[in-house]
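Here the structure comes first, spelled out in structure tokens, and everything after it is commentary.
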Amino acid sequence: MAKLEPLDKTDIENIVSDAVENAVDFVESEIANDRIKSQRYFDGECDLDYEDGRSKVVATKVRDTVRNIKPSLLRIFMSSEKVVEFVPKEPNDVAMAEQATSYINWSFAECGGYRLLNEAFHDALVKKQGVMKVWWDESQKGEIYTYDNLTDEEYNIIVSEPDVEVIEHSEEIYAELDEMGVQIERKEHELKIIRKETSYQIKIDCVPPEEFYVDRNATCLEDAYVVAHRTEMRVGDLVAMGFDFDEVSELDTQLGGSTSSDVEEYERSGYFDDEQSESDADPSMRLVQVTEAYMRMDVEGTGVPMLYKVTCGGSDYKVLDYELWDEIPFAVFECDPEPHSFYGTSISDLVMNDQDAATSMLRGILDNVALTNNPRMEVLDDMVNMDDVLNNEVGAIVRSRQIGSVQPLAVPFVAGSTLPMLEYMDQLTEVKTGVSRASMGLDPDVMQNTSATAAKIASQGAQGQIEVIARNLAESGMKRLFKLMLKLFVKNSDEQALMRLNGTFVPVDPRVWDTSMDASVNVGLGTGQEDIKLATLNQTMQTQMMIYSQYGAGNGLVSLTQIRNTLADMLALGGYRNAERYFNPMNPEMEQQIIQQMMQAQQSQQGQDPNAANAQAIIQAEQIKAQQRSASDMAKIQAQQQTDAARIQAQQQAKMAELQYRRQGELEKLQMQFEQSRMDDDFDRDKMAQDLVLEASKILAQYGTAVDLERIRAEQAAPRDQMGNIQ
């Protein structure tokens, strides 16, 4: 049975070095090759070979897709001043949550929020993940000062100041006479000091993917066995952090492109960073490998593992320091996370095969066009001048001894039939990534042949994939990043700070904030539609003004501060962040002071005029009566409008019924007239036929001539025009 015992420094070093080496082996063997390939494809390369003299063009689908997605993502996240908001747990925590939200968002912007998001999103789109690291930095800045001709008192005052370190000091003794003529000695000091100033601030940095490692069994940061950040630092920086110079100056590093991380760094930057030669001139500027490993270990031997931060140096992971730690200081951004796996899928992984296919077709099209315009020639070697044949100058003469000795090898133009296939490949890429001409507003069929509403719906529908990517980035990285910042401020702040909130500077104390508050990211489906937001704010403003004007300042639902916030948000949507230029700052304290001043002014007026109170009461009563009469009149008007509308509708229905009845009677009358006319026509036709037979009989009996009855009947039955002529 295993026995619980405390771990010494050697045990910790063995555990950490083994865990970090396994994590590095996993990432470099399973993940790094995909990231290197993604970077190559983003840079406009591919794995397809080409022949000399043929097209080498590459269809840059990976780069084009990533560059088209990034503006939409940055617009979604950076369009709001408060990307992340903290949600209070109780009603009393509302003010605290608002202060924390404004302060953390302001701090994020001060740390370069746009640059950080741009880098993290780029890594997530190209290299599966973007990683941000947040920490509390306690750095010292030193300035050197030189003093001459100091007296003893001045010298003692300077060297007794805190954070002052004497670098050089010399003194000289001079003999001189005082006011009484007595010879005395006087000292003069020459002093050179360094005055150190310690600054405390939060730091955020985007970690290069090749410097971040986890074990192969990890599915998230919380269940990872080890999370490591391996980078290079200068010896002087380690000394400034408190490490011994002799210890850190002996550490080594890995340079020269010998590892996958170096190859990945080369593909990203385009060159190898080899500065080993600097160590000869200045050892403090030499680069050494430093690894920060975050692991759960039972160092005390209690049976309960705790999270430790272990700082290791060199390629053999020598332990320089270890200490208990609160939380892993990394936030991981993923655009397409894979369930039950730490590494998800990047946009490059989805598009790389399409880039190969599109490159192959594009090269074939260009080669076909080139061969069609400039075909190869079939020549009789002894009958032509080869220099003339090899001359491609337009209009050049080819000298030959025999007609027909130079014949072009005709190449059929088939590039036109390949273009639809290239269009089909573009459509496949659009379906995979959600980046299409419709989403960018570039589809001529959508923009020209549809209405504005239909074009807007088509564009928004095409952005569904991008909005899902934005939600994944928000939930995976943004929430964790801001919660880490909140915990660092609460833990390390030792005094109050001034913050600009709603246009005024107010004191905030991060030490009293609740670190368990949940974070809500202002990113979701439909985010970025400024016209919808502005319409909503306009409707909200109208409702606020109606409530405030009808029920006054003490309505309990809407305050001047809230109305001012609505106005500021409307200006922000229009691109005007400085709302103080148009509206004075307002907060609940200022609003309460305004109300009190108004009440005091009213009381002072009432004190000057004994009848002022009665007059004010009468005025208020009349105002109430006027409001009641206005409401009653409005109700009567609405009721009358409803009655008039019902009456008009009934009249219209009656007229429609009468018109329909008249139309039905006229149709029946016309039908009867038509039937009677048809019956009369039949009678006349029968009478005409009978008269024809009688007349024919009379002619036959009187003159002995037979009449052609069939021909006469055919002429009678023949169709006629409007004038009665036979057609």
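Here, A, B, ... name the chains of the structure tokens in the order displayed, residue numbers run from 1 inside each chain, and ligands are numbered from 1 in the same displayed order.
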### Task
Output as a ChimeraX atom specification all residues of region 212-252 of chain A that backbone DSSP marks as alpha helix (DSSP H).
/A:235-240,245-248
Just-selected residues, C-alpha atoms written as a PDB file, in the first residue's frame:
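Below you can see again-v3.pdb, which holds the result:
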ATOM      1  CA  VAL A 235      18.704  36.174 -17.999  1.00  0.00           C
ATOM      2  CA  GLY A 236      18.260  39.760 -16.829  1.00  0.00           C
ATOM      3  CA  ASP A 237      14.470  39.393 -16.773  1.00  0.00           C
ATOM      4  CA  LEU A 238      14.744  36.313 -14.568  1.00  0.00           C
ATOM      5  CA  VAL A 239      17.080  38.149 -12.237  1.00  0.00           C
ATOM      6  CA  ALA A 240      14.545  40.995 -12.004  1.00  0.00           C
ATOM      7  CA  PHE A 245      22.039  35.170 -11.552  1.00  0.00           C
ATOM      8  CA  ASP A 246      24.496  32.319 -11.129  1.00  0.00           C
ATOM      9  CA  GLU A 247      21.653  29.801 -11.256  1.00  0.00           C
ATOM     10  CA  VAL A 248      19.783  31.135 -14.279  1.00  0.00           C
TER      11      VAL A 248
END
Write out as a PDB file with N, CA and C atoms, in the first residue's frame each polymer residue whose atoms come within 12 Å of region 562-572 of chain A, counting only C-alpha atoms; drop sequence neighbours fewer than 4 positions from it.
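Listed below is the output, around_7.pdb:
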ATOM      1  N   MET A  78     -16.323  44.085 -30.840  1.00  0.00           N
ATOM      2  CA  MET A  78     -15.830  45.413 -30.503  1.00  0.00           C
ATOM      3  C   MET A  78     -16.854  46.512 -30.717  1.00  0.00           C
ATOM      4  N   SER A  79     -18.051  46.180 -31.195  1.00  0.00           N
ATOM      5  CA  SER A  79     -19.064  47.212 -31.415  1.00  0.00           C
ATOM      6  C   SER A  79     -19.659  47.727 -30.112  1.00  0.00           C
ATOM      7  N   SER A  80     -19.508  46.995 -29.038  1.00  0.00           N
ATOM      8  CA  SER A  80     -20.057  47.397 -27.744  1.00  0.00           C
ATOM      9  C   SER A  80     -18.927  47.782 -26.800  1.00  0.00           C
ATOM     10  N   GLU A  81     -19.172  48.803 -25.971  1.00  0.00           N
ATOM     11  CA  GLU A  81     -18.184  49.190 -24.975  1.00  0.00           C
ATOM     12  C   GLU A  81     -18.060  48.145 -23.868  1.00  0.00           C
ATOM     13  N   LYS A  82     -19.105  47.383 -23.654  1.00  0.00           N
ATOM     14  CA  LYS A  82     -19.098  46.355 -22.607  1.00  0.00           C
ATOM     15  C   LYS A  82     -19.273  45.003 -23.276  1.00  0.00           C
ATOM     16  N   LEU A 501     -17.342  56.360 -14.775  1.00  0.00           N
ATOM     17  CA  LEU A 501     -18.572  55.602 -14.927  1.00  0.00           C
ATOM     18  C   LEU A 501     -19.702  56.550 -15.277  1.00  0.00           C
ATOM     19  N   ASN A 502     -20.312  56.341 -16.438  1.00  0.00           N
ATOM     20  CA  ASN A 502     -21.418  57.185 -16.907  1.00  0.00           C
ATOM     21  C   ASN A 502     -21.026  58.656 -16.959  1.00  0.00           C
ATOM     22  N   GLY A 503     -19.783  58.920 -17.374  1.00  0.00           N
ATOM     23  CA  GLY A 503     -19.343  60.292 -17.554  1.00  0.00           C
ATOM     24  C   GLY A 503     -18.796  60.956 -16.313  1.00  0.00           C
ATOM     25  N   GLU A 530     -27.094  46.953 -36.102  1.00  0.00           N
ATOM     26  CA  GLU A 530     -27.246  48.237 -35.429  1.00  0.00           C
ATOM     27  C   GLU A 530     -28.626  48.851 -35.652  1.00  0.00           C
ATOM     28  N   ASP A 531     -29.223  48.599 -36.822  1.00  0.00           N
ATOM     29  CA  ASP A 531     -30.529  49.205 -37.077  1.00  0.00           C
ATOM     30  C   ASP A 531     -31.591  48.641 -36.145  1.00  0.00           C
ATOM     31  N   ILE A 532     -31.523  47.330 -35.863  1.00  0.00           N
ATOM     32  CA  ILE A 532     -32.482  46.725 -34.931  1.00  0.00           C
ATOM     33  C   ILE A 532     -32.260  47.256 -33.520  1.00  0.00           C
ATOM     34  N   LYS A 533     -30.989  47.376 -33.119  1.00  0.00           N
ATOM     35  CA  LYS A 533     -30.694  47.902 -31.790  1.00  0.00           C
ATOM     36  C   LYS A 533     -31.175  49.340 -31.651  1.00  0.00           C
ATOM     37  N   LEU A 534     -30.931  50.149 -32.685  1.00  0.00           N
ATOM     38  CA  LEU A 534     -31.337  51.545 -32.612  1.00  0.00           C
ATOM     39  C   LEU A 534     -32.853  51.680 -32.553  1.00  0.00           C
ATOM     40  N   ALA A 535     -33.570  50.849 -33.316  1.00  0.00           N
ATOM     41  CA  ALA A 535     -35.031  50.892 -33.254  1.00  0.00           C
ATOM     42  C   ALA A 535     -35.534  50.493 -31.870  1.00  0.00           C
ATOM     43  N   THR A 536     -34.896  49.498 -31.273  1.00  0.00           N
ATOM     44  CA  THR A 536     -35.288  49.082 -29.919  1.00  0.00           C
ATOM     45  C   THR A 536     -35.034  50.186 -28.906  1.00  0.00           C
ATOM     46  N   LEU A 537     -33.870  50.845 -29.023  1.00  0.00           N
ATOM     47  CA  LEU A 537     -33.570  51.935 -28.098  1.00  0.00           C
ATOM     48  C   LEU A 537     -34.524  53.116 -28.290  1.00  0.00           C
ATOM     49  N   ASN A 538     -34.895  53.400 -29.523  1.00  0.00           N
ATOM     50  CA  ASN A 538     -35.864  54.477 -29.766  1.00  0.00           C
ATOM     51  C   ASN A 538     -37.205  54.186 -29.110  1.00  0.00           C
ATOM     52  N   GLN A 539     -37.660  52.938 -29.239  1.00  0.00           N
ATOM     53  CA  GLN A 539     -38.919  52.559 -28.599  1.00  0.00           C
ATOM     54  C   GLN A 539     -38.791  52.622 -27.083  1.00  0.00           C
ATOM     55  N   THR A 540     -37.647  52.192 -26.560  1.00  0.00           N
ATOM     56  CA  THR A 540     -37.420  52.265 -25.117  1.00  0.00           C
ATOM     57  C   THR A 540     -37.417  53.710 -24.638  1.00  0.00           C
ATOM     58  N   MET A 541     -36.804  54.588 -25.420  1.00  0.00           N
ATOM     59  CA  MET A 541     -36.749  56.001 -25.056  1.00  0.00           C
ATOM     60  C   MET A 541     -38.145  56.611 -25.005  1.00  0.00           C
ATOM     61  N   GLN A 542     -38.976  56.284 -25.951  1.00  0.00           N
ATOM     62  CA  GLN A 542     -40.336  56.805 -25.961  1.00  0.00           C
ATOM     63  C   GLN A 542     -41.113  56.325 -24.731  1.00  0.00           C
ATOM     64  N   THR A 543     -40.939  55.046 -24.401  1.00  0.00           N
ATOM     65  CA  THR A 543     -41.626  54.513 -23.215  1.00  0.00           C
ATOM     66  C   THR A 543     -41.120  55.185 -21.947  1.00  0.00           C
ATOM     67  N   GLN A 544     -39.807  55.383 -21.834  1.00  0.00           N
ATOM     68  CA  GLN A 544     -39.253  56.041 -20.653  1.00  0.00           C
ATOM     69  C   GLN A 544     -39.784  57.468 -20.515  1.00  0.00           C
ATOM     70  N   MET A 545     -39.802  58.214 -21.601  1.00  0.00           N
ATOM     71  CA  MET A 545     -40.271  59.591 -21.538  1.00  0.00           C
ATOM     72  C   MET A 545     -41.752  59.657 -21.189  1.00  0.00           C
ATOM     73  N   MET A 546     -42.547  58.723 -21.687  1.00  0.00           N
ATOM     74  CA  MET A 546     -43.968  58.708 -21.365  1.00  0.00           C
ATOM     75  C   MET A 546     -44.178  58.454 -19.877  1.00  0.00           C
ATOM     76  N   ILE A 547     -43.445  57.480 -19.331  1.00  0.00           N
ATOM     77  CA  ILE A 547     -43.597  57.157 -17.906  1.00  0.00           C
ATOM     78  C   ILE A 547     -43.129  58.323 -17.044  1.00  0.00           C
ATOM     79  N   TYR A 548     -41.977  58.903 -17.394  1.00  0.00           N
ATOM     80  CA  TYR A 548     -41.418  59.978 -16.566  1.00  0.00           C
ATOM     81  C   TYR A 548     -42.293  61.229 -16.618  1.00  0.00           C
ATOM     82  N   SER A 549     -42.830  61.565 -17.802  1.00  0.00           N
ATOM     83  CA  SER A 549     -43.660  62.766 -17.914  1.00  0.00           C
ATOM     84  C   SER A 549     -45.022  62.590 -17.250  1.00  0.00           C
ATOM     85  N   ALA A 553     -40.756  62.363 -11.286  1.00  0.00           N
ATOM     86  CA  ALA A 553     -39.440  61.826 -10.925  1.00  0.00           C
ATOM     87  C   ALA A 553     -39.530  60.665  -9.945  1.00  0.00           C
ATOM     88  N   GLY A 556     -40.547  55.491  -9.643  1.00  0.00           N
ATOM     89  CA  GLY A 556     -40.033  54.197  -9.199  1.00  0.00           C
ATOM     90  C   GLY A 556     -39.696  53.231 -10.312  1.00  0.00           C
ATOM     91  N   LEU A 557     -39.871  53.628 -11.556  1.00  0.00           N
ATOM     92  CA  LEU A 557     -39.603  52.735 -12.689  1.00  0.00           C
ATOM     93  C   LEU A 557     -38.533  53.279 -13.614  1.00  0.00           C
ATOM     94  N   VAL A 558     -38.543  54.573 -13.867  1.00  0.00           N
ATOM     95  CA  VAL A 558     -37.594  55.209 -14.782  1.00  0.00           C
ATOM     96  C   VAL A 558     -37.003  56.433 -14.098  1.00  0.00           C
ATOM     97  N   TYR A 576     -20.555  57.588 -31.862  1.00  0.00           N
ATOM     98  CA  TYR A 576     -20.120  58.691 -31.011  1.00  0.00           C
ATOM     99  C   TYR A 576     -19.998  58.185 -29.578  1.00  0.00           C
ATOM    100  N   ARG A 577     -18.757  57.920 -29.161  1.00  0.00           N
ATOM    101  CA  ARG A 577     -18.526  57.360 -27.834  1.00  0.00           C
ATOM    102  C   ARG A 577     -18.533  58.418 -26.736  1.00  0.00           C
ATOM    103  N   ASN A 578     -18.239  59.653 -27.084  1.00  0.00           N
ATOM    104  CA  ASN A 578     -18.144  60.717 -26.085  1.00  0.00           C
ATOM    105  C   ASN A 578     -19.519  61.337 -25.878  1.00  0.00           C
ATOM    106  N   ALA A 579     -20.335  60.673 -25.076  1.00  0.00           N
ATOM    107  CA  ALA A 579     -21.693  61.172 -24.849  1.00  0.00           C
ATOM    108  C   ALA A 579     -21.702  62.450 -24.027  1.00  0.00           C
ATOM    109  N   GLU A 580     -20.621  62.726 -23.237  1.00  0.00           N
ATOM    110  CA  GLU A 580     -20.579  63.936 -22.425  1.00  0.00           C
ATOM    111  C   GLU A 580     -20.549  65.201 -23.280  1.00  0.00           C
ATOM    112  N   ARG A 581     -20.197  65.058 -24.545  1.00  0.00           N
ATOM    113  CA  ARG A 581     -20.184  66.215 -25.439  1.00  0.00           C
ATOM    114  C   ARG A 581     -21.601  66.715 -25.707  1.00  0.00           C
ATOM    115  N   TYR A 582     -22.597  65.845 -25.555  1.00  0.00           N
ATOM    116  CA  TYR A 582     -23.972  66.185 -25.903  1.00  0.00           C
ATOM    117  C   TYR A 582     -24.907  66.175 -24.693  1.00  0.00           C
ATOM    118  N   PHE A 583     -24.598  65.350 -23.667  1.00  0.00           N
ATOM    119  CA  PHE A 583     -25.450  65.261 -22.479  1.00  0.00           C
ATOM    120  C   PHE A 583     -24.558  65.277 -21.245  1.00  0.00           C
ATOM    121  N   ASN A 584     -24.942  66.045 -20.244  1.00  0.00           N
ATOM    122  CA  ASN A 584     -24.177  66.107 -19.008  1.00  0.00           C
ATOM    123  C   ASN A 584     -24.215  64.759 -18.294  1.00  0.00           C
ATOM    124  N   PRO A 585     -23.163  64.454 -17.529  1.00  0.00           N
ATOM    125  CA  PRO A 585     -23.157  63.193 -16.773  1.00  0.00           C
ATOM    126  C   PRO A 585     -24.311  63.148 -15.777  1.00  0.00           C
ATOM    127  N   MET A 586     -24.768  61.938 -15.485  1.00  0.00           N
ATOM    128  CA  MET A 586     -25.877  61.758 -14.553  1.00  0.00           C
ATOM    129  C   MET A 586     -25.722  60.404 -13.861  1.00  0.00           C
ATOM    130  N   ASN A 587     -25.914  60.405 -12.546  1.00  0.00           N
ATOM    131  CA  ASN A 587     -25.936  59.186 -11.772  1.00  0.00           C
ATOM    132  C   ASN A 587     -26.981  59.331 -10.668  1.00  0.00           C
ATOM    133  N   PRO A 588     -27.301  58.251  -9.949  1.00  0.00           N
ATOM    134  CA  PRO A 588     -28.362  58.360  -8.925  1.00  0.00           C
ATOM    135  C   PRO A 588     -28.074  59.413  -7.860  1.00  0.00           C
ATOM    136  N   GLU A 591     -28.775  62.790  -9.357  1.00  0.00           N
ATOM    137  CA  GLU A 591     -30.218  62.933  -9.548  1.00  0.00           C
ATOM    138  C   GLU A 591     -30.914  63.224  -8.231  1.00  0.00           C
TER     139      GLU A 591
END
### Query
Between A:Gln673, A:Thr198, A:Thr10, A:Thr101, which has the minimum distance to Trp513 (chain A) (counting only C-alpha atoms)?
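Looking only at the distances to Trp513 (chain A), the closest residue turns out to be A:Thr101.
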### Message
Please list as a list in words every residue within 10 Å of Met425 (chain A), counting only C-alpha atoms and excluding residues in the same chain fewer than 2 positions away.
### Response
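What passes the distance filter is Asp354, Gln355, Ala357, Ala358, Met361, Leu419, Pro420, Met421, Leu422, Glu423, Gln427, Leu428, Thr429, Glu430 and Val431 of chain A.
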### Task
Would you work out the distance separating CA of Asp18 (chain A) from CA of Met132 (chain A), expressed in Å to one decimal?
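Here the two named atoms are 25.0 Å from each other.
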### Task
Please identify all polymer residues within 7 Å of region 110-121 of chain A, counting only C-alpha atoms, omitting same-chain residues fewer than 4 positions from it, and present them as a PyMOL selection string.
chain A and resi 106+125+130-131+203-206+333
Take the selection from the previous step and output its residues with C-alpha atoms, as a CSV table (one decimal), in the first residue's frame.
chain,number,residue,atom,x,y,z
A,106,TRP,CA,-11.9,49.5,-19.4
A,125,LEU,CA,-9.2,30.3,-37.2
A,130,GLY,CA,-6.0,31.0,-29.6
A,131,VAL,CA,-4.6,31.2,-26.1
A,203,LYS,CA,-1.2,42.1,-18.0
A,204,ILE,CA,-2.7,40.1,-20.8
A,205,ASP,CA,-0.8,38.6,-23.7
A,206,CYS,CA,-1.7,36.3,-26.6
A,333,PHE,CA,-10.5,30.5,-27.8
### Task
Provide the CA of Ile466 (chain A) to CA of Leu481 (chain A) distance in Å, to one decimal place.
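Distance between the two atoms: 21.2 Å.
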### Task
Rank A:Ser139, A:Thr259, A:Ser102, A:Asn373 by their smallest atom-to-atom distance to Lys196 (chain A), using only C-alpha atoms, and report the top residue only.
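Nearest candidate to Lys196 (chain A) out of A:Ser139, A:Thr259, A:Ser102, A:Asn373: A:Ser139.
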#### Entry: Counting only C-alpha atoms, the option among A:Met679, A:Thr65, A:Cys335, A:Lys318 closest to Gly434 (chain A)
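Of A:Met679, A:Thr65, A:Cys335, A:Lys318, the one nearest Gly434 (chain A) is A:Thr65, counting only C-alpha atoms.
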